[in-house]
Number of protein chains: 2
Amino acid sequence: MKKFENFSQWFDEILFNADILDNRYPVKGFAVYKTWGFKIIKRILQILEEKLDETGHIPMLFPVVIPEDAFAKESEHIKGFSSEVFWVTHAGDRELDRRLLLRPTSETAMYPMFSLWIRSHAGLPLKVYQSVAVYRYETKATRPLLRMREFLWNEAHTAHKNWEDAERQVKEAIEIYDGVFKRLGLSYLIIMRPDFDKFAGAVYSIAFDAWNPDGRVNQIGTVHNLGENFARAFEITYEDLDGSHKYVVQTCYGFGVSRVLAAIIAQHSDDHGLILPPEVAPIQVVIVPIVYKGVAEDVEAYAREVYEIIRRGGLRVHLDDTPDKTPGEKYYYWEMFGVPVRVEVGPRDQRERKVTIVDRLSFRRRVVELGEVVETIKGLFNEIIEGLRERSERTLKEFIKDVSDASALTKIIEDKKIARVSWCESIECAEKIREISGGEIRGYRIDVEEKPKGPCVICGREAKKVIYVAKAY
Amino acid sequence: MKKFENFSQWFDEILFNADILDNRYPVKGFAVYKTWGFKIIKRILQILEEKLDETGHIPMLFPVVIPEDAFAKESEHIKGFSSEVFWVTHAGDRELDRRLLLRPTSETAMYPMFSLWIRSHAGLPLKVYQSVAVYRYETKATRPLLRMREFLWNEAHTAHKNWEDAERQVKEAIEIYDGVFKRLGLSYLIIMRPDFDKFAGAVYSIAFDAWNPDGRVNQIGTVHNLGENFARAFEITYEDLDGSHKYVVQTCYGFGVSRVLAAIIAQHSDDHGLILPPEVAPIQVVIVPIVYKGVAEDVEAYAREVYEIIRRGGLRVHLDDTPDKTPGEKYYYWEMFGVPVRVEVGPRDQRERKVTIVDRLSFRRRVVELGEVVETIKGLFNEIIEGLRERSERTLKEFIKDVSDASALTKIIEDKKIARVSWCESIECAEKIREISGGEIRGYRIDVEEKPKGPCVICGREAKKVIYVAKAY
């Protein structure tokens with residue numbers, strides 16, 4: 001499969017041919033989201049935002065620019081981000097009094113307002129989200145969807161009375177993201193980042209690392225417990241029941257929808273093109289009439305009848321009745337776009353009042369009665385997402401290679417796999433791992449408990465953690 | 001009414017109290033869209049985008065930054081916008097090779113891509129839209145929603161084979177906007193802008209000027225025929241049927257959703273707070289149980305039953321069962337938020353299986369059988385939007401004052417009205433009108449035909465046009 005042989009080229013071709021993104025925009029790291037891609041993104045965000053609404057998060061929209069003084073308030077945060085922010089310095093031909101930066105993430109845009117809004121325990125928790133673009137001047141090679149200087153995400157920011165409430169919020173956030181990713185059939189590791197790789201300003205960071213065909217992991221989501229770090233910097237306090245004033249404890253989490261789309265494409269698609277989870281497919285069912293001379297009219301009328309039945313069944317259906325293409329060309333076209341189910345309607349189908357149904361994953365054909373078409377397709381949707389999920393999970397397992405000696409580590413990373421190693425938790429060994437492997441220490445899993453089976457892969461002393469090492473986007 | 005006496009203060013209070021927008025963000029001209037406001041904006045955009053989808057427009061998303069060389073290609077365009085664009089000049093501590101500007105509008109972001117995409121007549125028309133924020137360094141006093149340095153809009157950009165097709169597109173755009181604005185109950189003039197006030201780079205510009213309580217008009221939408229101006233600058237050509245290569249003819253149009261929200265608030269609301277068109281109200285119906293000691297349980301159970309019936313009726317309903325507020329406090333609260341219909345459920349309602357319904361516009365009470373509640377409310381929704389529209393149209397008419405001599409003109413503008421005058425079409429008289437009135441020449445109406453009834457208000461020569469003069473946001 002080309003997907004695993006030459007991921008980069010395969011990916012670029014799909015993005016272009018399936019109308020996902022055009023990377024020829026004349027600024028590096030910035031691209032145009034084209035119609036099919038943007039529609040998928042909107043559907044992914046809709047699923048997420050529904051979940052956020054259900055769990056008491058409220059939508060807002062904060063400005064794209066942040067004043068330099070607010071950005072500088074939390075010292076770790078500015079250290080982590082200052083090398084990669086874009087600066088707005090002029091308007092017209094005037095220099096601005098204060099420089100403004102384009103949000104690389106919105107803590108320092110939101111928290112000055114939190115400090116105005118939060119007064120009493122009765123107003124807590126506060127759980128705010130927005131779906132926006134953020135801006136980071138990536139110095140590594142940019143890659144469409146995977147590593148952009150402008151990328152789309154949803155970020156949520158919460159404030160709580162105490163550490164325990166914030167910890168509960170971290171769990172809720174993980175559950176929400178995990179639920180959405182699972183609905184998209186994705187496979188990933190849920191990982192506690194090592195201290196040296198946590199979010200700038202966080203107490204700890206948890207991340208969702210999805211597998212990618214080229215062995216680099218793709219961080220599709222992160223959840224951070226911020227403790228009181230930002231609350232102290234931005235003076236966000238509340239009056240408790242007993243009249244005392246306390247700092248809030250905060251969490252924030254980001255859902256990288258550009259990267260989630262990348263993961264959907266990278267994990268599920270094949271050499272025919274996209275394969276979309278039915279829930280986010282802009283078109284879920286395409287009807288292709290098999291028209292021959294002389295019998296065209298009947299078949300076309302029947303195809304329209306089939307269309308109406310499927311549409312009334314609540315599915316997003318398209319009837320491809322363009323006259324200048326053969327049925328085969330239409331199959332090929334819609335396969336590229338990843339439409340989950342194709343319905344073929346030929347003269348025989350029409351005579352027998354049946355339809356032929358083909359799913360995008362197995363390409364298996366089924367002939368069913370017209371009255372059963374909606375139920376059959378809905379069942380197929382379930383089969384497709386189950387099938388995608390199972391296949392993706394299998395691949396993730398195949399990607400993970402246990403390594404017990406340092407020399408093997410280098411080879412695993414060179415082979416484009418994810419290494420699982422035991423580690424003593426010392427910084428020296430971490431640096432050594434990075435150095436010899438050329439990969440990054442992602443951290444240890446929190447979705448399953450893993451105990452070291454041997455000593456530290458570097459120093460041979462007692463290992464404390466089972467960690468994952470991989471190249472990353 | 002305070003709304004007409006002190007619009008500015010009334011408006012600021014509503015924005016704050018009804019959770020529309022917080023203007024305390026620490027960068028001038030940038031504000032936070034709060035939850036209630038942002039939800040209304042999303043519903044307005046949803047109505048618009050559905051209409052755009054139905055008429056063959058496709059959504060995309062273009063970058064926020066535009067390289068300076070692309071921006072400079074169309075000479076009139078850069079002249080019109082260069083004094084008010086924000087410049088990104090640095091990333092981290094490095095100076096960028098080329099300065100980037102934040103889009104003030106997206107012609108120069110989109111058209112380099114159009115030039116790559118458009119090849120043949122078969123690909124035309126191309127009709128693209130996006131809903132995004134745009135950035136303009138307003139030097140006049142900024143006003144929340146009405147005049148911001150970051151504001152939200154939907155912009156559509158189209159390319160056509162010839163002038164006739166572009167002219168048809170202008171008509172379609174006006175119909176779409178007019179239809180959406182009417183659904184929101186807004187009143188406005190559809191106006192051909194004078195040549196000296198058209199969009200920078202356009203052949204001509206048409207604008208929707210909504211009335212505002214302070215007499216300043218609020219431009220909520222614009223439609224431009226760009227002719228070949230940008231096509232020549234960006235080399236956007238297509239191969240016609242006969243093999244010849246031709247420039248496309250373009251149109252673009254902007255729907256200023258921040259300003260549309262401002263117009264909804266300004267035109268419809270009263271001194272109790274917002275009054276929302278039911279179609280865009282985040283909550284359309286609020287149920288308030290009238291609970292007394294001893295009978296509370298029955299009433300609360302009945303209120304939940306009413307809630308379920310209304311919810312199943314497909315309406316956005318909220319049951320306000322907060323225990324620590326009186327019914328009167330709840331009425332007051334939801335009136336501020338402009339919820340179109342309130343349902344009161346008291347012990348007598350419960351015994352008789354009825355409900356009491358009050359609409360936000362007339363405050364009239366109606367007692368109806370439980371079985372009729374959904375139909376009654378739906379009927380009320382129609383009455384409310386009709387009532388809002390009629391009242392708004394009446395006010396617009398009252399705002400317009402005919403002026404036949406120059407001395408009266410000054411007074412009309414001082415009185416915060418819109419002046420209608422006859423004009424000879426000379427630049428000299430236009431400048432004189434502006435000078436003596438302190439208002440702007442908005443242009444002549446195209447939604448109704450108006451013939452001058454007298455000579456030019458300035459020079460006394462034959463008048464060519466009936467034009468409107470007003471202050472503007």
# chains A, B, ... in the order shown; residues from 1 in each chain; ligands from 1
$ residues_around --residues "Pro104 of chain A" --least-positions-apart "4" --cutoff "10 Å" --atoms "only C-alpha atoms" --output "number ranges by chain"
A: 64-66, 81-82, 84-86, 108, 133-137, 149-151
$ write_last_selection --atoms "N, CA and C atoms" --output "tab-separated table (two decimals), in the first residue's frame"
chain	number	residue	atom	x	y	z
A	64	VAL	N	-8.77	37.69	18.49
A	64	VAL	CA	-7.60	36.98	17.98
A	64	VAL	C	-6.31	37.61	18.50
A	65	VAL	N	-6.37	38.88	18.89
A	65	VAL	CA	-5.14	39.54	19.34
A	65	VAL	C	-5.09	39.61	20.87
A	66	ILE	N	-3.88	39.49	21.37
A	66	ILE	CA	-3.62	39.53	22.81
A	66	ILE	C	-2.56	40.60	23.06
A	81	PHE	N	6.00	29.97	24.81
A	81	PHE	CA	5.40	30.36	23.54
A	81	PHE	C	6.06	31.53	22.83
A	82	SER	N	6.93	32.29	23.54
A	82	SER	CA	7.36	33.57	22.95
A	82	SER	C	8.12	33.40	21.64
A	84	GLU	N	7.44	31.51	19.24
A	84	GLU	CA	6.62	31.11	18.10
A	84	GLU	C	5.35	31.93	17.92
A	85	VAL	N	5.31	33.15	18.46
A	85	VAL	CA	4.11	33.95	18.23
A	85	VAL	C	4.32	34.96	17.11
A	86	PHE	N	3.23	35.24	16.40
A	86	PHE	CA	3.22	36.28	15.38
A	86	PHE	C	2.87	37.61	16.04
A	108	THR	N	-4.20	33.71	27.84
A	108	THR	CA	-3.92	35.09	28.21
A	108	THR	C	-4.91	36.07	27.57
A	133	ALA	N	-9.28	29.56	15.01
A	133	ALA	CA	-7.95	29.29	14.49
A	133	ALA	C	-6.92	29.85	15.47
A	134	VAL	N	-5.79	29.16	15.60
A	134	VAL	CA	-4.69	29.69	16.41
A	134	VAL	C	-3.43	29.72	15.55
A	135	TYR	N	-2.44	30.48	16.02
A	135	TYR	CA	-1.30	30.85	15.19
A	135	TYR	C	0.01	30.54	15.90
A	136	ARG	N	0.80	29.69	15.31
A	136	ARG	CA	2.11	29.38	15.88
A	136	ARG	C	3.14	29.31	14.76
A	137	TYR	N	4.21	30.04	14.97
A	137	TYR	CA	5.25	30.09	13.96
A	137	TYR	C	6.12	28.85	14.11
A	149	ARG	N	0.97	26.72	10.48
A	149	ARG	CA	1.16	27.93	11.29
A	149	ARG	C	-0.19	28.54	11.68
A	150	GLU	N	-1.20	28.23	10.91
A	150	GLU	CA	-2.58	28.54	11.31
A	150	GLU	C	-3.31	27.21	11.38
A	151	PHE	N	-3.83	26.87	12.54
A	151	PHE	CA	-4.63	25.64	12.57
A	151	PHE	C	-5.90	25.82	13.38
$ select_by_dssp --residues "segment 103-161 of chain B" --states "strand (DSSP E)" --output "list in words"
Leu126, Lys127, Val128, Tyr129, Gln130, Ser131, Val132, Ala133, Val134, Tyr135, Glu150, Phe151, Leu152, Trp153, Asn154, Glu155, Ala156, His157, Thr158, Ala159 and His160 of chain B
$ write_last_selection --atoms "C-alpha atoms" --output "mmCIF file, in the first residue's frame"
data_model
loop_
_atom_site.group_PDB
_atom_site.id
_atom_site.type_symbol
_atom_site.label_atom_id
_atom_site.label_comp_id
_atom_site.auth_asym_id
_atom_site.auth_seq_id
_atom_site.Cartn_x
_atom_site.Cartn_y
_atom_site.Cartn_z
ATOM 1 C CA LEU B 126 -17.731 29.824 -8.921
ATOM 2 C CA LYS B 127 -19.538 30.994 -5.771
ATOM 3 C CA VAL B 128 -17.566 30.753 -2.539
ATOM 4 C CA TYR B 129 -18.365 31.970 0.974
ATOM 5 C CA GLN B 130 -16.844 32.050 4.427
ATOM 6 C CA SER B 131 -17.996 33.275 7.848
ATOM 7 C CA VAL B 132 -15.021 34.859 9.591
ATOM 8 C CA ALA B 133 -13.736 37.828 11.548
ATOM 9 C CA VAL B 134 -12.154 40.714 9.662
ATOM 10 C CA TYR B 135 -9.832 43.449 10.902
ATOM 11 C CA GLU B 150 -12.488 43.062 14.759
ATOM 12 C CA PHE B 151 -15.939 42.242 13.482
ATOM 13 C CA LEU B 152 -17.741 39.147 12.291
ATOM 14 C CA TRP B 153 -19.197 38.765 8.858
ATOM 15 C CA ASN B 154 -19.999 36.396 6.062
ATOM 16 C CA GLU B 155 -18.388 37.228 2.747
ATOM 17 C CA ALA B 156 -19.234 35.657 -0.605
ATOM 18 C CA HIS B 157 -17.113 35.935 -3.728
ATOM 19 C CA THR B 158 -18.249 34.877 -7.174
ATOM 20 C CA ALA B 159 -16.757 34.619 -10.665
ATOM 21 C CA HIS B 160 -18.792 34.601 -13.880
#
$ select_by_dssp --residues "segment 53-302 of chain A" --states "helix (DSSP H, G or I)" --output "JSON, numbers by chain"
{"A": [53, 54, 68, 69, 70, 71, 75, 76, 77, 78, 79, 80, 81, 82, 83, 84, 107, 108, 109, 110, 111, 112, 113, 114, 115, 116, 117, 121, 122, 123, 163, 164, 165, 166, 167, 168, 169, 170, 171, 172, 173, 174, 175, 176, 177, 178, 179, 180, 181, 182, 183, 195, 196, 197, 229, 230, 231, 232, 233, 234, 257, 258, 259, 260, 261, 262, 263, 264, 265, 266, 267, 268, 278, 279, 280, 296, 297, 298, 299, 300, 301, 302]}
$ interface_residues --of "chain B" --to "chain A" --cutoff "8 Å" --atoms "only C-alpha atoms" --output "ChimeraX atom specification"
/B:24-27,30-35,38-39,58-63,66-67,82-93,112-113,137,150
$ write_last_selection --atoms "C-alpha atoms" --output "compact mmCIF listing (two decimals), in the first residue's frame"
# COMPACT_ATOMS: atom_id res chain seq x y z
CA ARG B 24 -13.73 45.52 28.69
CA TYR B 25 -11.25 43.46 26.69
CA PRO B 26 -7.89 45.22 27.07
CA VAL B 27 -7.48 46.11 23.38
CA PHE B 30 -11.85 44.24 20.29
CA ALA B 31 -14.46 42.66 22.54
CA VAL B 32 -15.61 39.30 23.85
CA TYR B 33 -18.77 37.84 22.38
CA LYS B 34 -20.50 36.33 25.37
CA THR B 35 -22.69 33.26 25.31
CA PHE B 38 -22.68 34.41 20.30
CA LYS B 39 -25.56 31.93 20.17
CA ILE B 58 -19.85 26.60 -1.44
CA PRO B 59 -18.20 27.13 1.95
CA MET B 60 -14.40 27.35 2.29
CA LEU B 61 -12.00 28.87 4.78
CA PHE B 62 -9.13 31.13 3.75
CA PRO B 63 -6.19 32.23 5.92
CA ILE B 66 -2.54 38.12 3.32
CA PRO B 67 0.93 38.78 1.89
CA SER B 82 -4.05 50.55 3.23
CA SER B 83 -4.60 53.13 5.96
CA GLU B 84 -6.64 50.74 8.06
CA VAL B 85 -4.94 47.34 7.94
CA PHE B 86 -3.12 45.64 10.78
CA TRP B 87 0.38 44.47 9.89
CA VAL B 88 2.08 41.32 11.15
CA THR B 89 5.78 42.03 10.90
CA HIS B 90 7.52 39.63 13.30
CA ALA B 91 7.40 36.03 14.47
CA GLY B 92 9.14 35.29 17.74
CA ASP B 93 12.10 37.67 17.66
CA PRO B 112 -4.79 34.34 -6.20
CA MET B 113 -6.44 30.93 -5.58
CA TYR B 137 -8.14 49.81 12.19
CA GLU B 150 -12.49 43.06 14.76
$ residues_around --residues "Glu74 of chain B" --least-positions-apart "4" --cutoff "8 Å" --atoms "only C-alpha atoms" --output "ChimeraX atom specification"
/B:78,201,229-230,233-234
